[in-house]
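Worksheet: one structure, shown below.
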Amino acid sequence: MTAYFVTGTDTGVGKTFVSCALLHRFAHAGLSTIGMKPVAAGLDADGSNEDVRLLCAASSVKAADELVNPFSFASPVAPHLAAAEEGRVIRFAPIHAAFNELRRQADVVVVEGVGGFRVPLGPEGDSADLAQTLGMPIILVVGLRLGCINHALLTAEAIQSRGLTLTGWVANAIDPHMQKREENIAALSERIESPLLSIMD
């Protein structure tokens with residue numbers, strides 16, 4: 001079983017887009033896949049989360065909703081705030097249990113984090129702490145826009161300071177009007193030791 005934790009330089013940088021692309025790529029290689037979103041904040045009128053729906057649609061194995069998304073909250077705000085609003089607490093144990101079950105069901109599990117790498121989750125820590133306890137290699141999604149170099153380098157440094165493996169990073173073109181895009185990608189490639197896996201347009 002192979003697993004990756006997908007994190008981002010910020011919220012809205014395309015973690016779900018990249019996670020789904022990874023799931024499709026592994027499935028195309030003949031591997032069974034499941035996408036997981038341990039924590040999701042922001043539910044539609046039907047009580048579902050768009051990121052979770054997209055991950056499920058991109059997965060080749062249909063897994064139980066409570067395994068794919070152990071914690072979901074109605075408000076589209078920081079997870080610890082959304083949880084407090086509902087009188088709930090995000091705990092790591094249910095996430096670990098769900099992940100362990102998912103990895104028995106598929107060859108590859110792609111775990112999508114929430115927000116950026118250091119988003120608070122609750123009394124047991126933040127998204128970085130969760131990634132560290134899961135112990136899987138990290139894929140960093142860099143949203144290409146003004147300021148992305150600083151955000152990406154700080155995030156890469158934070159990942160490595162945790163003793164985690166940064167398998168690689170993905171450049172995701174979220175700002176179609178970004179100036180000096182190629183130069184920004186080149187600057188990041190020179191400074192991030194892990195390889196550039198893909199440029200997503």
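Labels for the structure tokens follow display order: chains A, B, ..., residues from 1 in each chain, ligands from 1.
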Per residue of region 113-180 of chain A within 10 Å of region 32-48 of chain A, which atom pair is closest and at what distance in Å (one decimal), using only C-alpha atoms, listed by chain and increasing number, as CSV?
residue,atom,partner,partner_atom,distance
A:Gly113,CA,A:Lys37,CA,6.5
A:Val114,CA,A:Val39,CA,6.4
A:Gly115,CA,A:Ala40,CA,9.4
A:Leu121,CA,A:Val39,CA,8.5
A:Ser127,CA,A:Val39,CA,9.4
A:Leu130,CA,A:Pro38,CA,9.6
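Every protein, DNA or RNA residue with an atom at most 8 Å from Pro137 (chain A), where only C-alpha atoms count and chain neighbours fewer than 6 positions away do not, is listed here: A:Ala3, A:Tyr4, A:Phe5, A:Leu164, A:Thr165, A:Leu166, A:Thr167.
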Selected residues, all heavy atoms, written as a PDB file, in the first residue's frame, please.
ATOM      1  N   ALA A   3       0.761   5.595   0.202  1.00  0.00           N
ATOM      2  CA  ALA A   3      -0.078   6.714   0.615  1.00  0.00           C
ATOM      3  C   ALA A   3       0.716   8.009   0.535  1.00  0.00           C
ATOM      4  O   ALA A   3       1.932   8.031   0.755  1.00  0.00           O
ATOM      5  CB  ALA A   3      -0.597   6.506   2.035  1.00  0.00           C
ATOM      6  N   TYR A   4       0.007   9.088   0.202  1.00  0.00           N
ATOM      7  CA  TYR A   4       0.603  10.419   0.143  1.00  0.00           C
ATOM      8  C   TYR A   4      -0.308  11.406   0.850  1.00  0.00           C
ATOM      9  O   TYR A   4      -1.538  11.286   0.792  1.00  0.00           O
ATOM     10  CB  TYR A   4       0.812  10.875  -1.301  1.00  0.00           C
ATOM     11  CG  TYR A   4       1.802  10.045  -2.068  1.00  0.00           C
ATOM     12  CD1 TYR A   4       1.372   9.017  -2.894  1.00  0.00           C
ATOM     13  CD2 TYR A   4       3.172  10.274  -1.952  1.00  0.00           C
ATOM     14  CE1 TYR A   4       2.276   8.232  -3.590  1.00  0.00           C
ATOM     15  CE2 TYR A   4       4.086   9.496  -2.651  1.00  0.00           C
ATOM     16  CZ  TYR A   4       3.630   8.477  -3.467  1.00  0.00           C
ATOM     17  OH  TYR A   4       4.533   7.703  -4.151  1.00  0.00           O
ATOM     18  N   PHE A   5       0.301  12.392   1.503  1.00  0.00           N
ATOM     19  CA  PHE A   5      -0.439  13.469   2.144  1.00  0.00           C
ATOM     20  C   PHE A   5      -0.241  14.718   1.290  1.00  0.00           C
ATOM     21  O   PHE A   5       0.883  15.180   1.102  1.00  0.00           O
ATOM     22  CB  PHE A   5       0.076  13.706   3.562  1.00  0.00           C
ATOM     23  CG  PHE A   5      -0.743  14.653   4.385  1.00  0.00           C
ATOM     24  CD1 PHE A   5      -1.718  14.177   5.252  1.00  0.00           C
ATOM     25  CD2 PHE A   5      -0.545  16.024   4.309  1.00  0.00           C
ATOM     26  CE1 PHE A   5      -2.477  15.045   6.025  1.00  0.00           C
ATOM     27  CE2 PHE A   5      -1.301  16.904   5.074  1.00  0.00           C
ATOM     28  CZ  PHE A   5      -2.265  16.417   5.929  1.00  0.00           C
ATOM     29  N   LEU A 164       9.629  15.077   7.999  1.00  0.00           N
ATOM     30  CA  LEU A 164       8.805  14.427   6.982  1.00  0.00           C
ATOM     31  C   LEU A 164       9.483  14.476   5.626  1.00  0.00           C
ATOM     32  O   LEU A 164      10.323  15.343   5.359  1.00  0.00           O
ATOM     33  CB  LEU A 164       7.433  15.116   6.903  1.00  0.00           C
ATOM     34  CG  LEU A 164       6.563  14.989   8.152  1.00  0.00           C
ATOM     35  CD1 LEU A 164       5.383  15.954   8.088  1.00  0.00           C
ATOM     36  CD2 LEU A 164       6.054  13.564   8.311  1.00  0.00           C
ATOM     37  N   THR A 165       9.109  13.550   4.768  1.00  0.00           N
ATOM     38  CA  THR A 165       9.676  13.492   3.425  1.00  0.00           C
ATOM     39  C   THR A 165       8.821  14.300   2.467  1.00  0.00           C
ATOM     40  O   THR A 165       7.633  14.007   2.297  1.00  0.00           O
ATOM     41  CB  THR A 165       9.754  12.035   2.927  1.00  0.00           C
ATOM     42  OG1 THR A 165      10.592  11.296   3.804  1.00  0.00           O
ATOM     43  CG2 THR A 165      10.308  11.967   1.516  1.00  0.00           C
ATOM     44  N   LEU A 166       9.401  15.310   1.860  1.00  0.00           N
ATOM     45  CA  LEU A 166       8.726  16.063   0.810  1.00  0.00           C
ATOM     46  C   LEU A 166       9.043  15.366  -0.511  1.00  0.00           C
ATOM     47  O   LEU A 166      10.108  15.552  -1.087  1.00  0.00           O
ATOM     48  CB  LEU A 166       9.189  17.518   0.798  1.00  0.00           C
ATOM     49  CG  LEU A 166       8.543  18.433  -0.249  1.00  0.00           C
ATOM     50  CD1 LEU A 166       7.026  18.453  -0.110  1.00  0.00           C
ATOM     51  CD2 LEU A 166       9.101  19.845  -0.149  1.00  0.00           C
ATOM     52  N   THR A 167       8.103  14.547  -0.959  1.00  0.00           N
ATOM     53  CA  THR A 167       8.308  13.757  -2.174  1.00  0.00           C
ATOM     54  C   THR A 167       8.478  14.639  -3.394  1.00  0.00           C
ATOM     55  O   THR A 167       9.248  14.324  -4.310  1.00  0.00           O
ATOM     56  CB  THR A 167       7.111  12.806  -2.391  1.00  0.00           C
ATOM     57  OG1 THR A 167       7.108  11.849  -1.329  1.00  0.00           O
ATOM     58  CG2 THR A 167       7.202  12.087  -3.712  1.00  0.00           C
TER      59      THR A 167
END
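Closest to Asp126 (chain A) among A:Ile174, A:Ala187, A:Val61, A:Ala78 is A:Ala78, based on only C-alpha atoms.
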What's the separation between CA of Glu50 (chain A) and CA of Gly8 (chain A), in Å to one decimal place?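 CA of Gly8 (chain A) lies at a distance of 17.4 Å from CA of Glu50 (chain A).
The residue that comes closest to Pro176 (chain A), out of A:Val108, A:Ile95, A:Ile159, A:Met200 and on the basis of only C-alpha atoms, is A:Met200.
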Contacts of Ala98 (chain A) at 12 Å or less, counting only C-alpha atoms, minus same-chain residues fewer than 5 places along, as a ChimeraX atom specification? /A:34-39,63-71,91-93,103-105,109,111,134
Hey, what's within 12 Å of Glu157 (chain A) if we count only C-alpha atoms and toss same-chain stuff fewer than 3 positions away? As a ChimeraX atom specification, please? /A:9,117-118,128,140,150-154,160-166,191-194
Can you work out which one of A:Glu183, A:Asp129, A:Glu190, A:Asp175 has the shortest atom-to-atom distance to Leu146 (chain A), counting only C-alpha atoms? A:Asp175
Pick from A:Glu101, A:Arg53, A:Phe73, A:Val13 nearest to Arg88 (chain A), counting only C-alpha atoms: A:Phe73
Please extract the residues of chain A with a backbone DSSP assignment of strand (DSSP E) and present them as an NGL selection string. :A and (2-8 or 33-36 or 39-41 or 71-73 or 108-112 or 120-122 or 125-126 or 138-143 or 166-172 or 196-200)
Might you pull out every residue within 10 Å of Gly14 (chain A), with only C-alpha atoms counted and same-chain residues fewer than 6 positions away left off, and present them as a list of chain:residue names?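 Counting only the stated atoms, we get A:Thr7, A:Gly8, A:Cys20, A:Val141, A:Val142, A:Gly143, A:Val170, A:Ala171, A:Asn172, A:Ala173, A:Ile174, A:Met200.
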Output the selection as a CSV table (one decimal), in the first residue's frame - N, CA, C and O atoms for each residue.
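As written to disk, selection27.csv reads:
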chain,number,residue,atom,x,y,z
A,7,THR,N,-0.6,18.6,0.8
A,7,THR,CA,-0.8,19.8,1.5
A,7,THR,C,-0.6,21.0,0.5
A,7,THR,O,-0.2,20.8,-0.6
A,8,GLY,N,-0.9,22.2,1.0
A,8,GLY,CA,-0.7,23.3,0.1
A,8,GLY,C,-0.1,24.5,0.8
A,8,GLY,O,0.0,24.6,2.0
A,20,CYS,N,-7.1,14.7,-7.0
A,20,CYS,CA,-7.9,14.0,-8.0
A,20,CYS,C,-7.0,13.5,-9.2
A,20,CYS,O,-7.1,12.4,-9.7
A,141,VAL,N,1.4,21.4,-2.9
A,141,VAL,CA,0.8,22.1,-4.0
A,141,VAL,C,1.0,23.6,-3.8
A,141,VAL,O,0.7,24.2,-2.8
A,142,VAL,N,1.7,24.2,-4.8
A,142,VAL,CA,2.0,25.6,-4.7
A,142,VAL,C,1.1,26.3,-5.7
A,142,VAL,O,1.1,26.1,-6.9
A,143,GLY,N,0.3,27.2,-5.2
A,143,GLY,CA,-0.6,28.0,-6.0
A,143,GLY,C,0.2,29.1,-6.6
A,143,GLY,O,0.7,30.0,-5.9
A,170,VAL,N,4.0,20.5,-6.7
A,170,VAL,CA,3.2,20.7,-7.9
A,170,VAL,C,3.0,22.2,-8.1
A,170,VAL,O,2.5,22.8,-7.1
A,171,ALA,N,3.2,22.7,-9.2
A,171,ALA,CA,2.9,24.1,-9.5
A,171,ALA,C,1.6,24.2,-10.1
A,171,ALA,O,1.4,23.7,-11.2
A,172,ASN,N,0.6,24.9,-9.5
A,172,ASN,CA,-0.7,24.9,-10.0
A,172,ASN,C,-1.1,26.4,-10.4
A,172,ASN,O,-1.0,27.3,-9.5
A,173,ALA,N,-1.4,26.6,-11.6
A,173,ALA,CA,-1.6,27.9,-12.2
A,173,ALA,C,-3.0,28.5,-11.8
A,173,ALA,O,-4.0,28.3,-12.5
A,174,ILE,N,-3.1,29.0,-10.6
A,174,ILE,CA,-4.4,29.5,-10.1
A,174,ILE,C,-4.7,31.0,-10.5
A,174,ILE,O,-5.8,31.4,-10.5
A,200,MET,N,0.5,22.4,-13.4
A,200,MET,CA,-0.9,22.2,-13.8
A,200,MET,C,-1.5,23.5,-14.3
A,200,MET,O,-1.4,24.6,-13.6
Point-to-point distance in Å for CA of Glu124 (chain A) and CA of Ser19 (chain A): 25.1 Å
Give me, please, the distance in Å between CA of Leu188 (chain A) and CA of Gly12 (chain A), quoted to one decimal. 19.4 Å
Once DSSP has gone over the backbone, tell me which residues of chain A are in helix (DSSP H, G or I), as number ranges by chain. A: 15-28, 50-58, 65-68, 79-85, 92-105, 127-134, 148-161, 181-191
Filtering to C-alpha atoms, could you give me those residues as a compact mmCIF listing (two decimals), in the first residue's frame?
# COMPACT_ATOMS: atom_id res chain seq x y z
CA LYS A 15 -5.14 20.60 -3.38
CA THR A 16 -8.32 18.79 -4.42
CA PHE A 17 -7.56 19.27 -8.12
CA VAL A 18 -4.07 17.82 -7.67
CA SER A 19 -5.29 15.01 -5.39
CA CYS A 20 -7.86 13.95 -7.99
CA ALA A 21 -5.22 14.08 -10.73
CA LEU A 22 -3.00 11.79 -8.63
CA LEU A 23 -5.86 9.35 -8.09
CA HIS A 24 -6.55 9.22 -11.83
CA ARG A 25 -2.87 8.76 -12.64
CA PHE A 26 -2.44 5.86 -10.22
CA ALA A 27 -5.66 4.25 -11.48
CA HIS A 28 -4.41 4.59 -15.06
CA GLU A 50 -17.53 19.54 -2.67
CA ASP A 51 -13.92 18.44 -2.10
CA VAL A 52 -15.08 15.12 -0.65
CA ARG A 53 -17.45 14.56 -3.58
CA LEU A 54 -14.67 15.19 -6.08
CA LEU A 55 -12.26 12.85 -4.28
CA CYS A 56 -14.87 10.10 -4.18
CA ALA A 57 -15.62 10.55 -7.88
CA ALA A 58 -11.90 10.29 -8.71
CA ASP A 65 -18.30 8.15 3.74
CA GLU A 66 -17.27 8.09 7.40
CA LEU A 67 -13.90 6.63 6.41
CA VAL A 68 -13.25 9.05 3.56
CA PRO A 79 -11.61 23.76 11.16
CA HIS A 80 -11.04 24.43 14.85
CA LEU A 81 -13.55 27.30 14.67
CA ALA A 82 -16.08 25.25 12.72
CA ALA A 83 -15.75 22.42 15.24
CA ALA A 84 -16.19 24.77 18.22
CA GLU A 85 -19.27 26.26 16.56
CA PHE A 92 -6.64 12.22 15.60
CA ALA A 93 -7.58 8.67 16.67
CA PRO A 94 -10.70 8.42 14.43
CA ILE A 95 -8.66 9.76 11.51
CA HIS A 96 -5.95 7.16 12.07
CA ALA A 97 -8.52 4.38 12.36
CA ALA A 98 -10.23 5.48 9.13
CA PHE A 99 -6.92 5.73 7.28
CA ASN A 100 -5.82 2.28 8.44
CA GLU A 101 -9.07 0.82 7.15
CA LEU A 102 -8.78 2.63 3.80
CA ARG A 103 -5.26 1.40 3.21
CA ARG A 104 -6.57 -2.15 3.51
CA GLN A 105 -9.03 -1.43 0.73
CA SER A 127 -2.59 19.89 10.15
CA ALA A 128 1.19 19.53 10.36
CA ASP A 129 0.86 17.49 13.54
CA LEU A 130 -1.70 15.25 11.84
CA ALA A 131 0.60 14.74 8.86
CA GLN A 132 3.45 13.92 11.22
CA THR A 133 1.44 11.34 13.15
CA LEU A 134 0.30 9.71 9.90
CA CYS A 148 4.01 32.07 -3.83
CA ILE A 149 7.80 31.85 -3.53
CA ASN A 150 7.80 32.92 0.12
CA HIS A 151 4.81 30.73 0.97
CA ALA A 152 6.27 27.71 -0.76
CA LEU A 153 9.72 27.99 0.79
CA LEU A 154 8.31 28.49 4.28
CA THR A 155 6.02 25.48 3.86
CA ALA A 156 8.81 23.28 2.48
CA GLU A 157 10.97 24.28 5.43
CA ALA A 158 8.16 23.49 7.89
CA ILE A 159 7.64 20.06 6.31
CA GLN A 160 11.33 19.20 6.50
CA SER A 161 11.65 20.51 10.07
CA ARG A 181 5.22 32.75 -14.04
CA GLU A 182 8.06 30.73 -15.55
CA GLU A 183 10.63 32.75 -13.65
CA ASN A 184 8.77 32.05 -10.40
CA ILE A 185 8.72 28.32 -11.16
CA ALA A 186 12.44 28.42 -11.94
CA ALA A 187 13.17 30.25 -8.68
CA LEU A 188 11.24 27.63 -6.73
CA SER A 189 12.93 24.76 -8.56
CA GLU A 190 16.31 26.17 -7.59
CA ARG A 191 15.37 26.47 -3.93
